[in-house]
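The data block below is work_0.txt; it holds compact mmCIF, N, CA and C atoms.
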# COMPACT_ATOMS: atom_id res chain seq x y z
N MET A 898 15.18 8.38 -6.29
CA MET A 898 14.17 9.19 -5.62
C MET A 898 13.83 8.55 -4.27
N GLU A 899 13.67 9.39 -3.28
CA GLU A 899 13.34 8.92 -1.94
C GLU A 899 11.89 8.48 -1.87
N LEU A 900 11.63 7.50 -1.04
CA LEU A 900 10.28 7.01 -0.82
C LEU A 900 9.83 7.46 0.56
N LYS A 901 8.66 8.06 0.63
CA LYS A 901 8.11 8.49 1.91
C LYS A 901 6.84 7.70 2.18
N VAL A 902 6.72 7.23 3.41
CA VAL A 902 5.56 6.44 3.81
C VAL A 902 5.00 7.02 5.10
N SER A 903 3.70 7.25 5.12
CA SER A 903 3.04 7.67 6.35
C SER A 903 1.79 6.83 6.53
N THR A 904 1.39 6.66 7.77
CA THR A 904 0.19 5.87 8.06
C THR A 904 -0.73 6.65 8.98
N ARG A 905 -2.01 6.38 8.83
CA ARG A 905 -3.00 6.90 9.77
C ARG A 905 -4.01 5.80 10.01
N SER A 906 -4.35 5.64 11.28
CA SER A 906 -5.22 4.54 11.67
C SER A 906 -6.43 5.04 12.43
N HIS A 907 -7.53 4.30 12.29
CA HIS A 907 -8.76 4.64 13.00
C HIS A 907 -9.64 3.40 13.05
N ALA A 908 -10.02 3.00 14.23
CA ALA A 908 -10.96 1.89 14.43
C ALA A 908 -10.58 0.63 13.65
N GLY A 909 -9.31 0.24 13.72
CA GLY A 909 -8.88 -1.00 13.08
C GLY A 909 -8.59 -0.88 11.59
N HIS A 910 -8.75 0.31 11.03
CA HIS A 910 -8.45 0.55 9.61
C HIS A 910 -7.19 1.40 9.52
N THR A 911 -6.37 1.13 8.54
CA THR A 911 -5.15 1.92 8.34
C THR A 911 -5.05 2.36 6.89
N VAL A 912 -4.72 3.63 6.70
CA VAL A 912 -4.39 4.15 5.38
C VAL A 912 -2.89 4.39 5.36
N MET A 913 -2.21 3.76 4.42
CA MET A 913 -0.78 3.97 4.24
C MET A 913 -0.60 4.78 2.97
N THR A 914 -0.01 5.96 3.11
CA THR A 914 0.22 6.82 1.96
C THR A 914 1.69 6.70 1.55
N ILE A 915 1.89 6.43 0.27
CA ILE A 915 3.24 6.26 -0.26
C ILE A 915 3.50 7.38 -1.26
N VAL A 916 4.66 8.00 -1.14
CA VAL A 916 5.05 9.09 -2.04
C VAL A 916 6.41 8.75 -2.64
N GLY A 917 6.48 8.77 -3.97
CA GLY A 917 7.75 8.52 -4.64
C GLY A 917 7.69 7.34 -5.59
N GLU A 918 8.81 6.65 -5.71
CA GLU A 918 8.92 5.50 -6.60
C GLU A 918 9.20 4.25 -5.78
N ILE A 919 8.54 3.16 -6.15
CA ILE A 919 8.77 1.88 -5.49
C ILE A 919 9.56 1.03 -6.48
N ASP A 920 10.83 0.83 -6.16
CA ASP A 920 11.69 0.06 -7.05
C ASP A 920 12.68 -0.77 -6.24
N LEU A 921 13.66 -1.33 -6.93
CA LEU A 921 14.64 -2.19 -6.29
C LEU A 921 15.31 -1.51 -5.10
N TYR A 922 15.51 -0.20 -5.19
CA TYR A 922 16.24 0.52 -4.14
C TYR A 922 15.35 0.94 -2.98
N THR A 923 14.09 1.22 -3.24
CA THR A 923 13.20 1.71 -2.18
C THR A 923 12.29 0.63 -1.60
N ALA A 924 12.15 -0.49 -2.30
CA ALA A 924 11.25 -1.56 -1.84
C ALA A 924 11.62 -2.10 -0.45
N PRO A 925 12.91 -2.27 -0.13
CA PRO A 925 13.22 -2.76 1.23
C PRO A 925 12.70 -1.84 2.33
N GLY A 926 12.74 -0.53 2.11
CA GLY A 926 12.20 0.41 3.10
C GLY A 926 10.71 0.25 3.25
N LEU A 927 10.02 0.04 2.13
CA LEU A 927 8.57 -0.16 2.17
C LEU A 927 8.25 -1.47 2.89
N GLN A 928 9.03 -2.50 2.62
CA GLN A 928 8.84 -3.79 3.29
C GLN A 928 9.00 -3.61 4.80
N SER A 929 9.98 -2.82 5.20
CA SER A 929 10.20 -2.56 6.63
C SER A 929 9.01 -1.83 7.26
N GLU A 930 8.42 -0.88 6.51
CA GLU A 930 7.26 -0.15 7.01
C GLU A 930 6.06 -1.09 7.22
N PHE A 931 5.86 -2.01 6.27
CA PHE A 931 4.77 -2.99 6.43
C PHE A 931 5.02 -3.88 7.64
N THR A 932 6.25 -4.33 7.79
CA THR A 932 6.59 -5.19 8.92
C THR A 932 6.33 -4.46 10.23
N ARG A 933 6.78 -3.20 10.32
CA ARG A 933 6.55 -2.41 11.53
C ARG A 933 5.06 -2.24 11.80
N LEU A 934 4.30 -1.90 10.75
CA LEU A 934 2.86 -1.71 10.90
C LEU A 934 2.20 -2.98 11.44
N LEU A 935 2.54 -4.11 10.87
CA LEU A 935 1.90 -5.36 11.27
C LEU A 935 2.34 -5.82 12.66
N GLN A 936 3.53 -5.43 13.08
CA GLN A 936 3.99 -5.79 14.42
C GLN A 936 3.38 -4.88 15.49
N GLU A 937 3.22 -3.60 15.15
CA GLU A 937 2.78 -2.62 16.14
C GLU A 937 1.27 -2.42 16.20
N SER A 938 0.56 -2.90 15.19
CA SER A 938 -0.85 -2.59 15.10
C SER A 938 -1.69 -3.85 14.90
N PRO A 939 -2.86 -3.90 15.52
CA PRO A 939 -3.76 -5.04 15.30
C PRO A 939 -4.60 -4.87 14.03
N THR A 940 -4.30 -3.86 13.23
CA THR A 940 -5.11 -3.55 12.05
C THR A 940 -5.29 -4.76 11.15
N THR A 941 -6.48 -4.88 10.59
CA THR A 941 -6.75 -5.97 9.65
C THR A 941 -7.21 -5.44 8.30
N TYR A 942 -7.37 -4.13 8.19
CA TYR A 942 -7.82 -3.54 6.93
C TYR A 942 -6.88 -2.40 6.59
N VAL A 943 -6.09 -2.58 5.54
CA VAL A 943 -5.12 -1.57 5.11
C VAL A 943 -5.44 -1.14 3.70
N VAL A 944 -5.51 0.16 3.49
CA VAL A 944 -5.65 0.72 2.15
C VAL A 944 -4.38 1.51 1.86
N ILE A 945 -3.77 1.23 0.74
CA ILE A 945 -2.56 1.95 0.35
C ILE A 945 -2.96 3.04 -0.64
N ASP A 946 -2.74 4.28 -0.22
CA ASP A 946 -2.99 5.43 -1.09
C ASP A 946 -1.80 5.57 -2.02
N MET A 947 -2.01 5.23 -3.30
CA MET A 947 -0.93 5.25 -4.28
C MET A 947 -1.00 6.47 -5.19
N SER A 948 -1.77 7.48 -4.81
CA SER A 948 -1.96 8.65 -5.67
C SER A 948 -0.68 9.42 -5.92
N LYS A 949 0.33 9.23 -5.07
CA LYS A 949 1.59 9.96 -5.24
C LYS A 949 2.75 9.02 -5.58
N VAL A 950 2.41 7.79 -5.99
CA VAL A 950 3.44 6.85 -6.45
C VAL A 950 3.61 7.06 -7.95
N GLU A 951 4.80 7.47 -8.33
CA GLU A 951 5.05 7.78 -9.74
C GLU A 951 5.48 6.57 -10.55
N PHE A 952 6.03 5.56 -9.86
CA PHE A 952 6.55 4.38 -10.55
C PHE A 952 6.57 3.22 -9.57
N CYS A 953 6.26 2.03 -10.06
CA CYS A 953 6.35 0.83 -9.24
C CYS A 953 6.79 -0.32 -10.13
N ASP A 954 7.95 -0.91 -9.83
CA ASP A 954 8.43 -2.02 -10.65
C ASP A 954 8.03 -3.35 -10.01
N SER A 955 8.54 -4.44 -10.57
CA SER A 955 8.15 -5.77 -10.08
C SER A 955 8.57 -5.99 -8.63
N THR A 956 9.68 -5.39 -8.23
CA THR A 956 10.11 -5.52 -6.83
C THR A 956 9.06 -4.91 -5.91
N GLY A 957 8.56 -3.74 -6.29
CA GLY A 957 7.52 -3.08 -5.51
C GLY A 957 6.24 -3.88 -5.47
N MET A 958 5.86 -4.45 -6.61
CA MET A 958 4.64 -5.27 -6.65
C MET A 958 4.78 -6.48 -5.74
N ASN A 959 5.99 -7.05 -5.69
CA ASN A 959 6.22 -8.20 -4.81
C ASN A 959 6.09 -7.81 -3.34
N VAL A 960 6.51 -6.60 -2.99
CA VAL A 960 6.34 -6.12 -1.61
C VAL A 960 4.85 -6.01 -1.29
N LEU A 961 4.08 -5.46 -2.22
CA LEU A 961 2.63 -5.33 -2.01
C LEU A 961 1.97 -6.70 -1.87
N LEU A 962 2.38 -7.64 -2.72
CA LEU A 962 1.82 -9.01 -2.65
C LEU A 962 2.17 -9.67 -1.32
N SER A 963 3.39 -9.48 -0.86
CA SER A 963 3.82 -10.04 0.41
C SER A 963 2.98 -9.46 1.56
N ALA A 964 2.74 -8.15 1.52
CA ALA A 964 1.92 -7.52 2.56
C ALA A 964 0.50 -8.05 2.52
N LEU A 965 -0.05 -8.23 1.31
CA LEU A 965 -1.39 -8.79 1.17
C LEU A 965 -1.45 -10.18 1.79
N LYS A 966 -0.46 -11.00 1.49
CA LYS A 966 -0.42 -12.36 2.03
C LYS A 966 -0.37 -12.35 3.55
N ARG A 967 0.48 -11.49 4.12
CA ARG A 967 0.61 -11.42 5.57
C ARG A 967 -0.68 -10.95 6.23
N LEU A 968 -1.36 -9.99 5.62
CA LEU A 968 -2.63 -9.52 6.18
C LEU A 968 -3.70 -10.61 6.08
N LYS A 969 -3.74 -11.33 4.95
CA LYS A 969 -4.72 -12.41 4.80
C LYS A 969 -4.50 -13.49 5.85
N GLU A 970 -3.23 -13.75 6.19
CA GLU A 970 -2.91 -14.76 7.20
C GLU A 970 -3.48 -14.39 8.57
N ARG A 971 -3.66 -13.10 8.82
CA ARG A 971 -4.25 -12.68 10.10
C ARG A 971 -5.72 -12.31 9.93
N GLY A 972 -6.32 -12.73 8.81
CA GLY A 972 -7.74 -12.51 8.58
C GLY A 972 -8.08 -11.14 8.05
N GLY A 973 -7.10 -10.46 7.52
CA GLY A 973 -7.32 -9.09 7.04
C GLY A 973 -7.27 -8.97 5.54
N THR A 974 -7.24 -7.72 5.09
CA THR A 974 -7.20 -7.45 3.67
C THR A 974 -6.38 -6.19 3.41
N LEU A 975 -5.83 -6.12 2.21
CA LEU A 975 -5.07 -4.96 1.77
C LEU A 975 -5.65 -4.54 0.43
N GLU A 976 -5.94 -3.26 0.30
CA GLU A 976 -6.51 -2.72 -0.94
C GLU A 976 -5.67 -1.55 -1.40
N LEU A 977 -5.73 -1.27 -2.69
CA LEU A 977 -5.00 -0.16 -3.28
C LEU A 977 -5.97 0.94 -3.67
N ALA A 978 -5.54 2.19 -3.52
CA ALA A 978 -6.40 3.32 -3.87
C ALA A 978 -5.64 4.33 -4.72
N ALA A 979 -6.33 4.84 -5.71
CA ALA A 979 -5.89 5.96 -6.54
C ALA A 979 -4.55 5.77 -7.24
N PRO A 980 -4.30 4.59 -7.82
CA PRO A 980 -3.02 4.46 -8.54
C PRO A 980 -3.02 5.35 -9.78
N ARG A 981 -1.88 5.95 -10.06
CA ARG A 981 -1.73 6.77 -11.26
C ARG A 981 -1.80 5.86 -12.48
N PRO A 982 -2.04 6.43 -13.67
CA PRO A 982 -2.19 5.60 -14.88
C PRO A 982 -1.04 4.62 -15.13
N ALA A 983 0.20 5.04 -14.91
CA ALA A 983 1.34 4.14 -15.17
C ALA A 983 1.31 2.95 -14.23
N VAL A 984 0.97 3.18 -12.96
CA VAL A 984 0.92 2.08 -11.98
C VAL A 984 -0.30 1.21 -12.26
N ARG A 985 -1.41 1.83 -12.61
CA ARG A 985 -2.63 1.06 -12.93
C ARG A 985 -2.37 0.14 -14.12
N LYS A 986 -1.60 0.62 -15.10
CA LYS A 986 -1.30 -0.19 -16.28
C LYS A 986 -0.46 -1.41 -15.88
N ILE A 987 0.50 -1.22 -14.99
CA ILE A 987 1.30 -2.35 -14.52
C ILE A 987 0.41 -3.37 -13.83
N LEU A 988 -0.52 -2.88 -13.02
CA LEU A 988 -1.46 -3.79 -12.34
C LEU A 988 -2.27 -4.59 -13.37
N GLN A 989 -2.71 -3.91 -14.43
CA GLN A 989 -3.53 -4.58 -15.45
C GLN A 989 -2.70 -5.58 -16.25
N VAL A 990 -1.51 -5.17 -16.69
CA VAL A 990 -0.67 -6.03 -17.52
C VAL A 990 -0.26 -7.30 -16.77
N THR A 991 0.00 -7.16 -15.47
CA THR A 991 0.43 -8.31 -14.67
C THR A 991 -0.73 -9.14 -14.14
N GLY A 992 -1.96 -8.63 -14.30
CA GLY A 992 -3.12 -9.33 -13.77
C GLY A 992 -3.35 -9.09 -12.29
N LEU A 993 -2.53 -8.23 -11.69
CA LEU A 993 -2.67 -7.97 -10.26
C LEU A 993 -3.90 -7.13 -9.93
N ASP A 994 -4.49 -6.52 -10.94
CA ASP A 994 -5.73 -5.77 -10.69
C ASP A 994 -6.87 -6.71 -10.33
N SER A 995 -6.68 -8.01 -10.58
CA SER A 995 -7.70 -8.98 -10.15
C SER A 995 -7.33 -9.62 -8.81
N VAL A 996 -6.11 -9.39 -8.35
CA VAL A 996 -5.66 -9.91 -7.06
C VAL A 996 -5.99 -8.90 -5.96
N PHE A 997 -5.72 -7.62 -6.25
CA PHE A 997 -6.01 -6.54 -5.31
C PHE A 997 -7.35 -5.91 -5.63
N THR A 998 -8.04 -5.44 -4.60
CA THR A 998 -9.17 -4.55 -4.82
C THR A 998 -8.56 -3.18 -5.05
N VAL A 999 -8.92 -2.55 -6.18
CA VAL A 999 -8.35 -1.25 -6.53
C VAL A 999 -9.47 -0.21 -6.56
N HIS A 1000 -9.33 0.83 -5.73
CA HIS A 1000 -10.30 1.92 -5.67
C HIS A 1000 -9.78 3.12 -6.46
N ASP A 1001 -10.70 3.92 -6.99
CA ASP A 1001 -10.30 5.14 -7.69
C ASP A 1001 -9.81 6.21 -6.71
N ALA A 1002 -10.24 6.12 -5.46
CA ALA A 1002 -9.83 7.06 -4.41
C ALA A 1002 -9.85 6.33 -3.08
N VAL A 1003 -9.23 6.91 -2.06
CA VAL A 1003 -9.28 6.32 -0.73
C VAL A 1003 -10.73 6.34 -0.27
N PRO A 1004 -11.27 5.20 0.20
CA PRO A 1004 -12.66 5.17 0.67
C PRO A 1004 -12.92 6.25 1.72
N GLY A 1005 -14.01 6.98 1.57
CA GLY A 1005 -14.35 8.11 2.42
C GLY A 1005 -14.33 7.82 3.90
N LYS A 1006 -14.77 6.63 4.29
CA LYS A 1006 -14.83 6.30 5.72
C LYS A 1006 -13.44 6.28 6.35
N LEU A 1007 -12.40 6.15 5.53
CA LEU A 1007 -11.05 6.09 6.07
C LEU A 1007 -10.37 7.46 6.15
N LEU A 1008 -10.98 8.46 5.55
CA LEU A 1008 -10.35 9.77 5.52
C LEU A 1008 -10.37 10.47 6.88
N THR A 1009 -11.12 9.94 7.82
CA THR A 1009 -11.17 10.53 9.16
C THR A 1009 -10.09 9.97 10.06
N ALA A 1010 -9.28 9.06 9.54
CA ALA A 1010 -8.24 8.43 10.36
C ALA A 1010 -7.23 9.46 10.86
N GLU A 1011 -6.70 9.22 12.05
CA GLU A 1011 -5.72 10.12 12.65
C GLU A 1011 -4.34 9.87 12.04
N PRO A 1012 -3.61 10.93 11.67
CA PRO A 1012 -2.27 10.75 11.09
C PRO A 1012 -1.27 10.20 12.09
N LYS A 1013 -0.39 9.32 11.59
CA LYS A 1013 0.75 8.83 12.37
C LYS A 1013 1.96 8.84 11.46
N GLY A 1014 3.06 9.33 11.95
CA GLY A 1014 4.32 9.29 11.18
C GLY A 1014 4.36 10.25 10.12
With the file now loaded, output its structure as structure tokens.
Amino acid sequence: MELKVSTRSHAGHTVMTIVGEIDLYTAPGLQSEFTRLLQESPTTYVVIDMSKVEFCDSTGMNVLLSALKRLKERGGTLELAAPRPAVRKILQVTGLDSVFTVHDAVPGKLLTAEPKG
């Protein structure tokens, strides 16, 4: 399954929306999107809208952890929003739900962000 990533930014905040499955085959593309975002944008607050992510394996979780680490190094934070039950369960089983801040929905203040990509 193809992975689609879009971002929208507003006032130093970025919402990254991911659609599809994050696995061994699609994780490199997601990693590239994070790299591009961090190179092109001074953003320090990223929320990943996972409401349309149907599956995420350990490779995908490692990409998310890497992005979190890179944002923390620049004084920022990365949070997850609206993970589906299967993804939420993976977060819980691995203990990553205590590493990431997980929201039930994208925070309202970020919904006004302008679409990019």
(message) Which residues are near region 974-988 of chain A? Cut-off 7 Å, only N, CA and C atoms, ignore same chain within fewer than 5 positions. Put them as a VMD selection string.
(response) chain A and resid 941 to 953 964 to 965 968 to 969 993 to 995 997 to 1004
(request) Work out how far atom N of Met958 (chain A) is from atom N of Val912 (chain A), in Å to one decimal. (result)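 Separation between atom N of Val912 (chain A) and atom N of Met958 (chain A): 18.8 Å.
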(request) Give the strand (DSSP E or B) residues of chain A, as assigned by DSSP on the backbone, as an NGL selection string. (result) :A and (901-907 or 910-919 or 942-953 or 974-978 or 998-1000 or 1011-1013)
(request) In Å, rounded to a single decimal, give me how far CA of Val990 (chain A) is from CA of Gln928 (chain A). (result) 23.0 Å
(message) One number please: atom C of Ala908 (chain A) to atom C of Lys966 (chain A), in Å, one decimal.
(response) 19.4 Å
(message) Using only C-alpha atoms for the distances, tell me which of A:Ile919, A:Leu961, A:Arg905, A:Thr956 is nearest to Phe931 (chain A).
(response)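 Distance minimum relative to Phe931 (chain A) lands on A:Leu961.
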(message) If you run DSSP on the backbone here, which positions in region 898-1007 of chain A get helix (DSSP H, G or I)? Please write them as a ChimeraX atom specification.
(response) /A:924-937,955-970,982-991,993-995,1005-1007
(message) Excluding Thr914 (chain A) and its own-chain neighbours fewer than 3 positions away, which residues fall within 5 Å of it when counting only N, CA and C atoms? Please give them as number ranges by chain.
(response) A: 902-904, 946
Quick one: write out the picked residues with N, CA and C atoms as a short mmCIF file (atom, residue, chain, number, x, y, z; two decimals), in the coordinates of the input?
data_model
loop_
_atom_site.label_atom_id
_atom_site.label_comp_id
_atom_site.auth_asym_id
_atom_site.auth_seq_id
_atom_site.Cartn_x
_atom_site.Cartn_y
_atom_site.Cartn_z
N VAL A 902 6.72 7.23 3.41
CA VAL A 902 5.56 6.44 3.81
C VAL A 902 5.00 7.02 5.10
N SER A 903 3.70 7.25 5.12
CA SER A 903 3.04 7.67 6.35
C SER A 903 1.79 6.83 6.53
N THR A 904 1.39 6.66 7.77
CA THR A 904 0.19 5.87 8.06
C THR A 904 -0.73 6.65 8.98
N ASP A 946 -2.74 4.28 -0.22
CA ASP A 946 -2.99 5.43 -1.09
C ASP A 946 -1.80 5.57 -2.02
#
List as a compact mmCIF listing (two decimals) with N, CA and C atoms, keeping the file's coordinate frame the residues having at least one atom at most 9 Å from position (8.7, 10.0, 4.4) as given in the file, counting only C-alpha atoms.
# COMPACT_ATOMS: atom_id res chain seq x y z
N GLU A 899 13.67 9.39 -3.28
CA GLU A 899 13.34 8.92 -1.94
C GLU A 899 11.89 8.48 -1.87
N LEU A 900 11.63 7.50 -1.04
CA LEU A 900 10.28 7.01 -0.82
C LEU A 900 9.83 7.46 0.56
N LYS A 901 8.66 8.06 0.63
CA LYS A 901 8.11 8.49 1.91
C LYS A 901 6.84 7.70 2.18
N VAL A 902 6.72 7.23 3.41
CA VAL A 902 5.56 6.44 3.81
C VAL A 902 5.00 7.02 5.10
N SER A 903 3.70 7.25 5.12
CA SER A 903 3.04 7.67 6.35
C SER A 903 1.79 6.83 6.53
N ILE A 915 1.89 6.43 0.27
CA ILE A 915 3.24 6.26 -0.26
C ILE A 915 3.50 7.38 -1.26
N VAL A 916 4.66 8.00 -1.14
CA VAL A 916 5.05 9.09 -2.04
C VAL A 916 6.41 8.75 -2.64
N GLY A 1014 3.06 9.33 11.95
CA GLY A 1014 4.32 9.29 11.18
C GLY A 1014 4.36 10.25 10.12
